[in-house]
$ cat start.cif   # mmCIF, N, CA and C atoms
data_protein
loop_
_atom_site.label_atom_id
_atom_site.label_comp_id
_atom_site.auth_asym_id
_atom_site.auth_seq_id
_atom_site.Cartn_x
_atom_site.Cartn_y
_atom_site.Cartn_z
N MET A 1 149.96 64.22 121.11
CA MET A 1 148.98 63.16 121.22
C MET A 1 149.18 62.19 120.05
N ARG A 2 149.10 60.90 120.36
CA ARG A 2 149.29 59.88 119.34
C ARG A 2 148.02 59.73 118.50
N LYS A 3 148.22 59.45 117.25
CA LYS A 3 147.09 59.17 116.37
C LYS A 3 146.89 57.67 116.33
N SER A 4 145.64 57.27 116.34
CA SER A 4 145.36 55.84 116.26
C SER A 4 145.36 55.39 114.80
N VAL A 5 145.69 54.15 114.62
CA VAL A 5 145.72 53.56 113.29
C VAL A 5 144.28 53.24 112.88
N PRO A 6 143.88 53.57 111.67
CA PRO A 6 142.52 53.24 111.23
C PRO A 6 142.30 51.72 111.26
N VAL A 7 141.13 51.34 111.68
CA VAL A 7 140.77 49.94 111.76
C VAL A 7 139.67 49.67 110.75
N GLN A 8 139.87 48.64 109.95
CA GLN A 8 138.83 48.25 109.00
C GLN A 8 137.93 47.21 109.67
N VAL A 9 136.64 47.42 109.53
CA VAL A 9 135.67 46.51 110.12
C VAL A 9 134.75 46.03 109.02
N ILE A 10 134.56 44.74 108.98
CA ILE A 10 133.65 44.15 108.00
C ILE A 10 132.46 43.57 108.76
N LEU A 11 131.28 44.05 108.45
CA LEU A 11 130.06 43.55 109.09
C LEU A 11 129.33 42.63 108.13
N ARG A 12 128.97 41.49 108.61
CA ARG A 12 128.20 40.54 107.81
C ARG A 12 126.90 40.25 108.56
N PHE A 13 125.83 40.67 108.00
CA PHE A 13 124.54 40.47 108.62
C PHE A 13 123.94 39.14 108.18
N PRO A 14 123.17 38.52 109.03
CA PRO A 14 122.54 37.25 108.67
C PRO A 14 121.63 37.41 107.46
N ALA A 15 121.69 36.43 106.58
CA ALA A 15 120.89 36.49 105.35
C ALA A 15 119.49 35.94 105.56
N THR A 16 119.32 35.05 106.53
CA THR A 16 118.02 34.43 106.74
C THR A 16 117.27 35.11 107.88
N GLU A 17 115.97 34.94 107.88
CA GLU A 17 115.15 35.51 108.95
C GLU A 17 115.49 34.85 110.29
N GLU A 18 115.77 33.57 110.25
CA GLU A 18 116.15 32.85 111.47
C GLU A 18 117.46 33.41 112.05
N GLY A 19 118.40 33.68 111.18
CA GLY A 19 119.67 34.26 111.61
C GLY A 19 119.49 35.66 112.17
N GLN A 20 118.61 36.45 111.56
CA GLN A 20 118.34 37.80 112.04
C GLN A 20 117.70 37.77 113.43
N LYS A 21 116.80 36.82 113.64
CA LYS A 21 116.16 36.69 114.96
C LYS A 21 117.19 36.26 116.00
N ALA A 22 118.08 35.35 115.64
CA ALA A 22 119.11 34.90 116.58
C ALA A 22 120.04 36.06 116.94
N LEU A 23 120.41 36.86 115.96
CA LEU A 23 121.27 38.02 116.22
C LEU A 23 120.55 39.02 117.12
N ALA A 24 119.29 39.28 116.85
CA ALA A 24 118.51 40.21 117.67
C ALA A 24 118.41 39.72 119.11
N CYS A 25 118.26 38.42 119.28
CA CYS A 25 118.17 37.84 120.62
C CYS A 25 119.49 37.99 121.36
N ARG A 26 120.59 37.76 120.68
CA ARG A 26 121.91 37.91 121.31
C ARG A 26 122.19 39.37 121.65
N ALA A 27 121.78 40.28 120.77
CA ALA A 27 121.98 41.71 121.04
C ALA A 27 121.14 42.15 122.24
N ALA A 28 119.91 41.66 122.32
CA ALA A 28 119.04 42.00 123.45
C ALA A 28 119.65 41.49 124.76
N GLY A 29 120.23 40.30 124.71
CA GLY A 29 120.88 39.76 125.90
C GLY A 29 122.07 40.60 126.33
N ALA A 30 122.83 41.08 125.36
CA ALA A 30 123.99 41.93 125.68
C ALA A 30 123.53 43.24 126.32
N TRP A 31 122.46 43.85 125.79
CA TRP A 31 121.94 45.09 126.37
C TRP A 31 121.39 44.85 127.77
N ALA A 32 120.73 43.71 127.97
CA ALA A 32 120.19 43.39 129.29
C ALA A 32 121.33 43.22 130.30
N ASP A 33 122.40 42.55 129.89
CA ASP A 33 123.56 42.39 130.77
C ASP A 33 124.17 43.76 131.11
N PHE A 34 124.26 44.63 130.12
CA PHE A 34 124.80 45.97 130.33
C PHE A 34 123.94 46.74 131.34
N ALA A 35 122.63 46.70 131.16
CA ALA A 35 121.73 47.42 132.06
C ALA A 35 121.83 46.87 133.49
N THR A 36 121.88 45.55 133.61
CA THR A 36 121.99 44.93 134.93
C THR A 36 123.30 45.31 135.61
N ASP A 37 124.40 45.23 134.86
CA ASP A 37 125.71 45.59 135.42
C ASP A 37 125.75 47.06 135.84
N THR A 38 125.14 47.92 135.03
CA THR A 38 125.12 49.35 135.34
C THR A 38 124.34 49.62 136.62
N VAL A 39 123.18 49.01 136.74
CA VAL A 39 122.35 49.22 137.94
C VAL A 39 123.04 48.62 139.17
N CYS A 40 123.66 47.46 139.02
CA CYS A 40 124.35 46.84 140.16
C CYS A 40 125.52 47.69 140.63
N GLY A 41 126.10 48.47 139.75
CA GLY A 41 127.23 49.31 140.10
C GLY A 41 126.85 50.63 140.76
N LEU A 42 125.56 50.91 140.84
CA LEU A 42 125.11 52.17 141.46
C LEU A 42 125.33 52.14 142.96
N ASP A 43 125.59 53.31 143.53
CA ASP A 43 125.82 53.43 144.97
C ASP A 43 124.50 53.77 145.65
N CYS A 44 123.64 52.75 145.78
CA CYS A 44 122.35 52.93 146.44
C CYS A 44 121.92 51.58 147.01
N PRO A 45 120.93 51.58 147.88
CA PRO A 45 120.48 50.32 148.48
C PRO A 45 119.92 49.35 147.43
N VAL A 46 119.99 48.07 147.77
CA VAL A 46 119.50 47.03 146.86
C VAL A 46 118.02 47.25 146.53
N SER A 47 117.25 47.71 147.49
CA SER A 47 115.83 47.93 147.24
C SER A 47 115.61 48.96 146.13
N GLN A 48 116.44 49.99 146.09
CA GLN A 48 116.32 50.99 145.03
C GLN A 48 116.75 50.41 143.68
N LYS A 49 117.78 49.58 143.70
CA LYS A 49 118.23 48.94 142.46
C LYS A 49 117.13 48.05 141.89
N LEU A 50 116.49 47.27 142.76
CA LEU A 50 115.40 46.41 142.30
C LEU A 50 114.23 47.23 141.76
N ALA A 51 113.91 48.33 142.44
CA ALA A 51 112.82 49.20 141.98
C ALA A 51 113.15 49.79 140.61
N LEU A 52 114.40 50.18 140.40
CA LEU A 52 114.81 50.73 139.11
C LEU A 52 114.70 49.68 138.01
N LEU A 53 115.19 48.47 138.28
CA LEU A 53 115.09 47.40 137.27
C LEU A 53 113.63 47.08 136.96
N ASP A 54 112.78 47.04 137.99
CA ASP A 54 111.35 46.79 137.75
C ASP A 54 110.73 47.90 136.90
N ALA A 55 111.13 49.14 137.14
CA ALA A 55 110.61 50.27 136.35
C ALA A 55 111.04 50.17 134.90
N VAL A 56 112.29 49.78 134.66
CA VAL A 56 112.79 49.63 133.29
C VAL A 56 112.03 48.51 132.59
N ILE A 57 111.86 47.39 133.25
CA ILE A 57 111.13 46.26 132.65
C ILE A 57 109.70 46.68 132.33
N GLY A 58 109.06 47.40 133.25
CA GLY A 58 107.69 47.87 133.01
C GLY A 58 107.61 48.82 131.82
N ALA A 59 108.57 49.71 131.70
CA ALA A 59 108.58 50.66 130.58
C ALA A 59 108.75 49.93 129.25
N VAL A 60 109.63 48.95 129.22
CA VAL A 60 109.85 48.20 127.98
C VAL A 60 108.59 47.42 127.60
N ARG A 61 107.94 46.83 128.58
CA ARG A 61 106.70 46.09 128.30
C ARG A 61 105.63 47.01 127.73
N GLN A 62 105.50 48.22 128.30
CA GLN A 62 104.51 49.17 127.80
C GLN A 62 104.82 49.58 126.38
N GLU A 63 106.10 49.81 126.09
CA GLU A 63 106.49 50.19 124.72
C GLU A 63 106.19 49.06 123.73
N ARG A 64 106.45 47.84 124.14
CA ARG A 64 106.18 46.69 123.25
C ARG A 64 104.68 46.58 122.98
N GLN A 65 103.86 46.76 124.03
CA GLN A 65 102.43 46.67 123.85
C GLN A 65 101.90 47.80 122.97
N ALA A 66 102.55 48.96 123.04
CA ALA A 66 102.13 50.10 122.24
C ALA A 66 102.66 50.01 120.80
N GLY A 67 103.53 49.03 120.56
CA GLY A 67 104.06 48.85 119.21
C GLY A 67 105.18 49.82 118.85
N VAL A 68 105.91 50.30 119.87
CA VAL A 68 107.03 51.20 119.61
C VAL A 68 108.16 50.42 118.94
N PRO A 69 108.65 50.87 117.79
CA PRO A 69 109.73 50.16 117.10
C PRO A 69 111.00 50.06 117.96
N GLY A 70 111.61 48.90 117.95
CA GLY A 70 112.84 48.69 118.69
C GLY A 70 112.63 48.28 120.12
N ALA A 71 111.39 48.26 120.58
CA ALA A 71 111.14 47.89 121.97
C ALA A 71 110.91 46.41 122.10
#
$ encode --input "start.cif" --output "structure tokens"
Amino acid sequence: MRKSVPVQVILRFPATEEGQKALACRAAGAWADFATDTVCGLDCPVSQKLALLDAVIGAVRQERQAGVPGA
């Protein structure tokens, strides 16, 4: 088995609150795209896919209202 070459990664986080909010918004969009693509790829009727997406949205809204961190 081949060994992979180590990769160095440099992370630079936004220094301002505005930059942090913009990054959080972009990350949320990426996760939303991932969730949508995953559900669309399921082998089930469209009605079930829509019901699943509605359930996920409802759960996230409840967590936000309850003040769950990261929601």
$ atom_distance --input "start.cif" --atom1 "atom CA of Val39 of chain A" --atom2 "atom CA of Leu52 of chain A"
7.8 Å
$ residues_around --input "start.cif" --residues "Val56 of chain A" --least-positions-apart "4" --cutoff "12 Å" --atoms "only C-alpha atoms" --output "PDB file with N, CA and C atoms, keeping the file's coordinate frame"
ATOM      1  N   ALA A  32     120.730  43.710 127.970  1.00  0.00           N
ATOM      2  CA  ALA A  32     120.190  43.390 129.290  1.00  0.00           C
ATOM      3  C   ALA A  32     121.330  43.220 130.300  1.00  0.00           C
ATOM      4  N   ALA A  35     122.630  46.700 131.160  1.00  0.00           N
ATOM      5  CA  ALA A  35     121.730  47.420 132.060  1.00  0.00           C
ATOM      6  C   ALA A  35     121.830  46.870 133.490  1.00  0.00           C
ATOM      7  N   THR A  36     121.880  45.550 133.610  1.00  0.00           N
ATOM      8  CA  THR A  36     121.990  44.930 134.930  1.00  0.00           C
ATOM      9  C   THR A  36     123.300  45.310 135.610  1.00  0.00           C
ATOM     10  N   VAL A  39     123.180  49.010 136.740  1.00  0.00           N
ATOM     11  CA  VAL A  39     122.350  49.220 137.940  1.00  0.00           C
ATOM     12  C   VAL A  39     123.040  48.620 139.170  1.00  0.00           C
ATOM     13  N   LYS A  49     117.780  49.580 143.700  1.00  0.00           N
ATOM     14  CA  LYS A  49     118.230  48.940 142.460  1.00  0.00           C
ATOM     15  C   LYS A  49     117.130  48.050 141.890  1.00  0.00           C
ATOM     16  N   LEU A  50     116.490  47.270 142.760  1.00  0.00           N
ATOM     17  CA  LEU A  50     115.400  46.410 142.300  1.00  0.00           C
ATOM     18  C   LEU A  50     114.230  47.230 141.760  1.00  0.00           C
ATOM     19  N   ALA A  51     113.910  48.330 142.440  1.00  0.00           N
ATOM     20  CA  ALA A  51     112.820  49.200 141.980  1.00  0.00           C
ATOM     21  C   ALA A  51     113.150  49.790 140.610  1.00  0.00           C
ATOM     22  N   LEU A  52     114.400  50.180 140.400  1.00  0.00           N
ATOM     23  CA  LEU A  52     114.810  50.730 139.110  1.00  0.00           C
ATOM     24  C   LEU A  52     114.700  49.680 138.010  1.00  0.00           C
ATOM     25  N   VAL A  60     109.630  48.950 129.220  1.00  0.00           N
ATOM     26  CA  VAL A  60     109.850  48.200 127.980  1.00  0.00           C
ATOM     27  C   VAL A  60     108.590  47.420 127.600  1.00  0.00           C
ATOM     28  N   ARG A  61     107.940  46.830 128.580  1.00  0.00           N
ATOM     29  CA  ARG A  61     106.700  46.090 128.300  1.00  0.00           C
ATOM     30  C   ARG A  61     105.630  47.010 127.730  1.00  0.00           C
ATOM     31  N   GLN A  62     105.500  48.220 128.300  1.00  0.00           N
ATOM     32  CA  GLN A  62     104.510  49.170 127.800  1.00  0.00           C
ATOM     33  C   GLN A  62     104.820  49.580 126.380  1.00  0.00           C
ATOM     34  N   GLU A  63     106.100  49.810 126.090  1.00  0.00           N
ATOM     35  CA  GLU A  63     106.490  50.190 124.720  1.00  0.00           C
ATOM     36  C   GLU A  63     106.190  49.060 123.730  1.00  0.00           C
ATOM     37  N   ALA A  71     111.390  48.260 120.580  1.00  0.00           N
ATOM     38  CA  ALA A  71     111.140  47.890 121.970  1.00  0.00           C
ATOM     39  C   ALA A  71     110.910  46.410 122.100  1.00  0.00           C
TER      40      ALA A  71
END
$ atom_distance --input "start.cif" --atom1 "atom CA of Glu17 of chain A" --atom2 "atom CA of Asp33 of chain A"
24.4 Å
$ axis_aligned_box --input "start.cif" --around "segment 48-61 of chain A" --padding-each-side "8 Å" --output "JSON"
{"center_x": 111.9, "center_y": 48.5, "center_z": 136.8, "size_x": 28.6, "size_y": 20.9, "size_z": 34.5}
$ atom_distance --input "start.cif" --atom1 "atom CA of Leu42 of chain A" --atom2 "atom CA of Asp54 of chain A"
15.2 Å
